[in-house]
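See below for structure_23.txt, which holds compact mmCIF, C-alpha atoms and all ligand atoms.
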# COMPACT_ATOMS: atom_id res chain seq x y z
CA MET A 976 61.30 -19.77 217.54
CA ARG A 977 64.52 -19.51 215.61
CA PRO A 978 65.49 -16.19 214.10
CA VAL A 979 65.09 -16.11 210.35
CA GLU A 980 66.45 -13.91 207.61
CA ARG A 981 64.01 -13.26 204.86
CA GLY A 982 66.35 -11.10 202.82
CA ASN A 983 65.30 -8.91 199.97
CA ALA A 984 62.28 -9.73 197.88
CA PRO A 985 63.30 -12.06 195.05
CA ALA A 986 60.36 -10.87 192.98
CA THR A 987 57.28 -8.73 193.12
CA TYR A 988 54.06 -10.58 193.61
CA THR A 989 50.58 -9.95 192.38
CA ARG A 990 49.33 -12.95 194.37
CA TYR A 991 50.86 -13.55 197.77
CA GLN A 992 50.48 -17.30 197.29
CA ASP A 993 53.11 -17.09 194.59
CA ALA A 994 55.69 -16.14 197.21
CA GLN A 995 55.37 -19.49 198.99
CA PRO A 996 58.09 -21.34 197.03
CA ASP A 997 60.45 -18.39 197.41
CA LEU A 998 59.81 -18.28 201.14
CA VAL A 999 60.43 -22.00 201.47
CA ALA A 1000 63.66 -21.59 199.52
CA VAL A 1001 64.86 -18.95 201.96
CA LEU A 1002 63.35 -20.10 205.26
CA GLY A 1003 63.07 -23.83 204.75
CA ASP A 1004 59.81 -25.74 205.06
CA TYR A 1005 59.31 -24.81 208.69
CA CYS A 1006 56.69 -22.80 210.46
CA SER A 1007 58.42 -19.53 211.30
CA TYR A 1008 56.81 -19.53 214.73
CA CYS A 1009 56.68 -23.07 216.14
CA GLU A 1010 59.43 -24.49 213.90
CA ARG A 1011 57.48 -27.53 212.94
CA GLN A 1012 58.51 -28.92 209.59
CA ILE A 1013 55.50 -28.85 207.30
CA GLU A 1014 55.95 -30.41 203.91
CA THR A 1015 52.48 -29.53 202.71
CA ASN A 1016 50.03 -26.78 203.61
CA LEU A 1017 52.71 -24.43 204.86
CA ALA A 1018 51.00 -21.14 204.26
CA VAL A 1019 52.30 -17.70 203.49
CA GLU A 1020 51.82 -15.99 206.82
CA HIS A 1021 51.08 -12.28 206.92
CA VAL A 1022 52.65 -10.73 209.99
CA GLN A 1023 50.15 -7.94 209.73
CA PRO A 1024 46.94 -9.68 208.74
CA LYS A 1025 45.94 -9.40 205.12
CA SER A 1026 42.35 -8.65 206.03
CA ARG A 1027 43.36 -5.44 207.79
CA TRP A 1028 46.46 -4.36 205.90
CA ARG A 1029 45.56 -4.57 202.23
CA ALA A 1030 48.64 -2.57 201.28
CA LEU A 1031 50.78 -5.35 202.75
CA LEU A 1032 48.87 -8.15 201.04
CA ASN A 1033 51.62 -8.96 198.55
CA GLU A 1034 54.53 -7.41 200.43
CA TRP A 1035 57.53 -9.69 200.93
CA ALA A 1036 58.55 -7.86 204.09
CA ASN A 1037 55.23 -8.84 205.67
CA PHE A 1038 55.62 -12.56 204.87
CA LEU A 1039 56.67 -15.48 206.98
CA LEU A 1040 55.64 -19.13 206.81
CA GLY A 1041 53.00 -20.40 209.18
CA CYS A 1042 51.44 -23.72 210.11
CA VAL A 1043 47.73 -24.13 210.64
CA HIS A 1044 48.03 -24.07 214.42
CA CYS A 1045 50.03 -20.86 214.66
CA ASN A 1046 48.01 -19.19 211.91
CA SER A 1047 44.70 -19.97 213.52
CA SER A 1048 45.89 -18.94 216.96
CA LYS A 1049 47.22 -15.63 215.68
CA GLY A 1050 44.10 -15.04 213.64
CA SER A 1051 43.47 -11.76 211.90
CA ARG A 1052 43.77 -9.40 214.80
CA HIS A 1053 45.81 -6.26 214.47
CA VAL A 1054 49.18 -6.70 216.09
CA ARG A 1055 51.32 -3.98 217.54
CA LEU A 1056 54.67 -5.26 216.35
CA ASP A 1057 56.61 -4.01 219.35
CA SER A 1058 54.37 -5.91 221.75
CA TYR A 1059 55.72 -9.25 220.51
CA PHE A 1060 58.91 -10.92 219.41
CA TRP A 1061 59.19 -11.75 215.71
CA PRO A 1062 61.60 -14.25 214.22
CA ASP A 1063 62.54 -11.92 211.37
CA CYS A 1064 63.22 -8.91 213.61
CA ASP A 1065 64.29 -10.08 217.05
CA ASN A 1066 66.74 -12.46 218.63
CA THR A 1067 64.05 -15.00 219.27
CA ALA A 1068 66.61 -17.69 220.03
CA ARG A 1069 67.30 -15.85 223.28
CA ALA A 1070 63.77 -14.64 223.90
CA PHE A 1071 62.46 -18.18 224.41
CA ARG A 1072 63.65 -21.38 225.96
CA TYR A 1073 62.41 -24.93 225.64
CA THR A 1074 62.08 -27.35 228.48
CA ALA A 1075 62.73 -31.04 228.18
CA GLY A 1076 59.00 -31.48 228.67
CA GLY A 1077 58.29 -29.46 225.58
CA GLU A 1078 57.16 -26.19 227.08
CA VAL A 1079 58.00 -22.93 225.36
CA LEU A 1080 58.88 -20.38 228.02
CA PRO A 1081 60.34 -16.89 228.10
CA GLY A 1082 64.11 -16.96 228.03
CA ARG A 1083 66.03 -16.74 231.25
CA TYR A 1084 67.22 -13.39 232.55
CA LEU A 1085 64.93 -11.36 230.36
CA ARG A 1086 64.12 -7.89 231.50
CA ARG A 1087 60.59 -7.55 232.73
CA ALA A 1088 59.31 -5.83 229.59
CA ASN A 1089 60.90 -8.46 227.37
CA ARG A 1090 59.52 -11.26 229.49
CA ALA A 1091 56.09 -9.74 228.95
CA ARG A 1092 56.75 -9.60 225.22
CA ALA A 1093 57.79 -13.25 225.19
CA GLU A 1094 54.71 -14.27 227.15
CA ALA A 1095 52.49 -12.20 224.86
CA SER A 1096 54.09 -13.83 221.83
CA ASN A 1097 53.53 -17.29 223.23
CA LYS A 1098 49.91 -16.46 223.86
CA LEU A 1099 49.39 -14.84 220.46
CA LEU A 1100 50.74 -17.88 218.66
CA GLY A 1101 49.39 -20.51 221.01
CA LEU A 1102 52.89 -21.80 221.76
CA GLU A 1103 52.18 -21.88 225.48
CA LYS A 1104 49.58 -24.57 224.88
CA ASN A 1105 51.91 -27.07 223.33
CA PRO A 1106 52.58 -29.70 224.41
CA GLY A 1107 51.32 -31.01 227.68
CA ASN A 1108 48.67 -28.40 228.10
CA PRO A 1109 45.13 -29.76 228.25
CA GLU A 1110 43.90 -26.84 226.20
CA ARG A 1111 45.58 -28.39 223.19
CA PRO A 1112 45.83 -32.14 223.57
CA THR A 1113 45.94 -32.95 219.88
CA ILE A 1114 49.59 -32.29 219.06
CA PRO A 1115 51.49 -33.68 222.01
CA THR A 1116 54.55 -35.19 220.39
CA CYS A 1117 55.46 -33.12 217.37
CA GLY A 1118 55.68 -29.67 218.84
CA PRO A 1119 58.41 -27.12 218.53
CA ALA A 1120 60.39 -28.33 221.49
CA SER A 1121 60.64 -31.92 220.38
CA PHE A 1122 61.66 -30.70 216.96
CA TRP A 1123 64.14 -28.35 218.53
CA HIS A 1124 65.79 -31.15 220.46
CA LEU A 1125 66.03 -33.30 217.36
CA LYS A 1126 67.52 -30.47 215.43
CA ALA A 1127 69.94 -29.55 218.17
CA ARG A 1128 71.08 -33.15 218.41
CA ALA A 1129 71.48 -33.33 214.66
CA LEU A 1130 73.48 -30.15 214.49
CA ARG A 1131 75.37 -30.75 217.74
CA VAL A 1132 74.68 -27.22 218.75
CA SER A 1133 72.70 -25.56 221.41
CA PRO A 1134 70.68 -23.62 221.55
CA ALA A 1135 70.76 -21.26 218.61
CA PRO A 1136 72.18 -22.35 215.26
CA HIS A 1137 71.14 -19.05 213.73
CA SER A 1138 72.38 -16.79 216.46
CA ARG A 1139 75.21 -15.58 214.27
CA HIS A 1140 72.61 -13.71 212.26
CA VAL A 1141 71.37 -11.70 215.18
CA SER A 1142 72.84 -9.38 217.69
CA GLU A 1143 72.08 -7.18 220.63
CA PRO A 1144 71.63 -9.75 223.36
CA GLU A 1145 72.17 -6.93 225.80
CA VAL A 1146 68.83 -5.57 224.72
CA LEU A 1147 67.19 -8.68 226.04
CA TYR A 1148 69.27 -9.45 229.06
CA GLU A 1149 69.71 -7.78 232.35
CA SER A 1150 73.28 -6.82 233.00
ZN ZN A 1201 53.49 -23.16 213.76

Structure rendered as structure tokens:
Amino acid sequence: MRPVERGNAPATYTRYQDAQPDLVAVLGDYCSYCERQIETNLAVEHVQPKSRWRALLNEWANFLLGCVHCNSSKGSRHVRLDSYFWPDCDNTARAFRYTAGGEVLPGRYLRRANRARAEASNKLLGLEKNPGNPERPTIPTCGPASFWHLKARALRVSPAPHSRHVSEPEVLYES
């Protein structure tokens, strides 16, 4: 889960769907959670679900982009924001790591509370199921980790091309 910068709202929206092109322009056509590139059906994701937070229905600051898998896993439950890591708020490049086998795991050397947050985030978004987990056998080869490796190879960087946008690693790491 790479950190993303949404920036200021480029417009005000009366329909949240209208924000989709602006979000793609800023975030790229990637799911903000699993990083899969989705050229179609990449939905405007409401961090706080639109069914519960009507005031945030058309609010840019509540938007990310989400694929079907992450959206359906997250569902419409109320989320306590500080119980999870969010790509627009936290240094998610350090909060998670990706194994060669494609697992998404909590980052190394996390403090206990942050490890719990990373695990909770994985569970909320279903990232712990993909790939190689029998609970989700349908997307074994195109998951976030395989994409991550392709991207890292393409960019010749590892592991966080966007880490310059974020700070405070000491918050996540034990000294
Ligand atoms: Zn996703």

Please define a box with edges along x, y and z of the file around all atoms of stretch 984-998 of chain A given in the file, extend it by 8 Å on each side, and return its centre and edge lengths in Å to one decimal, as AutoDock Vina command-line options.
--center_x 56.3 --center_y -15.0 --center_z 196.8 --size_x 30.0 --size_y 28.6 --size_z 24.8

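Atom CA of A:Tyr1084 is found 29.0 Å from atom CA of A:Gln1023.
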
Kindly indicate which residue among A:Val1022, A:Ala1070, A:Ile1013, A:Leu1031 lies nearest to ligand ZN 1201 (chain A), using all atoms listed in the file for the distances.
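Of A:Val1022, A:Ala1070, A:Ile1013, A:Leu1031, the one nearest ligand ZN 1201 (chain A) is A:Ile1013, counting all atoms listed in the file.
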
Could you give me, as a tab-separated table, every chain A residue with an atom at most 6 Å from ligand ZN 1201 (chain A), plus its closest atom pair and distance in Å to one decimal, counting only C-alpha atoms and all ligand atoms, rows ordered by chain then number?
residue	atom	partner	partner_atom	distance
A:Cys1006	CA	A:ZN1201	ZN	4.6
A:Tyr1008	CA	A:ZN1201	ZN	5.0
A:Cys1009	CA	A:ZN1201	ZN	4.0
A:Arg1011	CA	A:ZN1201	ZN	6.0
A:Gly1041	CA	A:ZN1201	ZN	5.4
A:Cys1042	CA	A:ZN1201	ZN	4.2
A:His1044	CA	A:ZN1201	ZN	5.6
A:Cys1045	CA	A:ZN1201	ZN	4.3

Between atom CA of A:Ser1026 and atom CA of A:Ser1051, what is the spacing in Å?
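Those two atoms sit 6.7 Å apart.
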
Local residues around (55.9, -17.5, 224.5), at most 7 Å away, using only C-alpha atoms, as a count of residues only
12

Check the smallest atom-to-atom distance from each of A:Ala984, A:Leu1085, A:Met976, A:Val1054 to A:Glu1034 using all atoms listed in the file, then report the winner.
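Checking each candidate against A:Glu1034, we get A:Ala984 as the closest.
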
In the coordinate frame of the file, compute which residues have an atom within 12 Å of (62.1, -23.0, 201.3) when using all atoms listed in the file, and state them as a PyMOL selection string.
chain A and resi 979-981+994-1007+1012-1015+1017-1019+1039-1040

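Remark: for A:Gly1050, the closest of the candidate residues A:Glu1010, A:Asp993, A:Glu1020, A:Glu1078 is A:Glu1020 (distances computed over only C-alpha atoms).
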
Between atom CA of A:Pro985 and atom CA of A:Cys1064, what is the distance in Å, rounded to a tenth?
18.8 Å

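Nearest residue to A:Ala1036 among A:Arg1069, A:Arg1083, A:His1021, A:Arg1052 is A:His1021, counting only C-alpha atoms.
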
Give the answer as one residue: which of A:Arg1072, A:Arg977, A:Arg1027, A:Arg990 has the shortest atom-to-atom distance to A:His1053, using only C-alpha atoms?
A:Arg1027
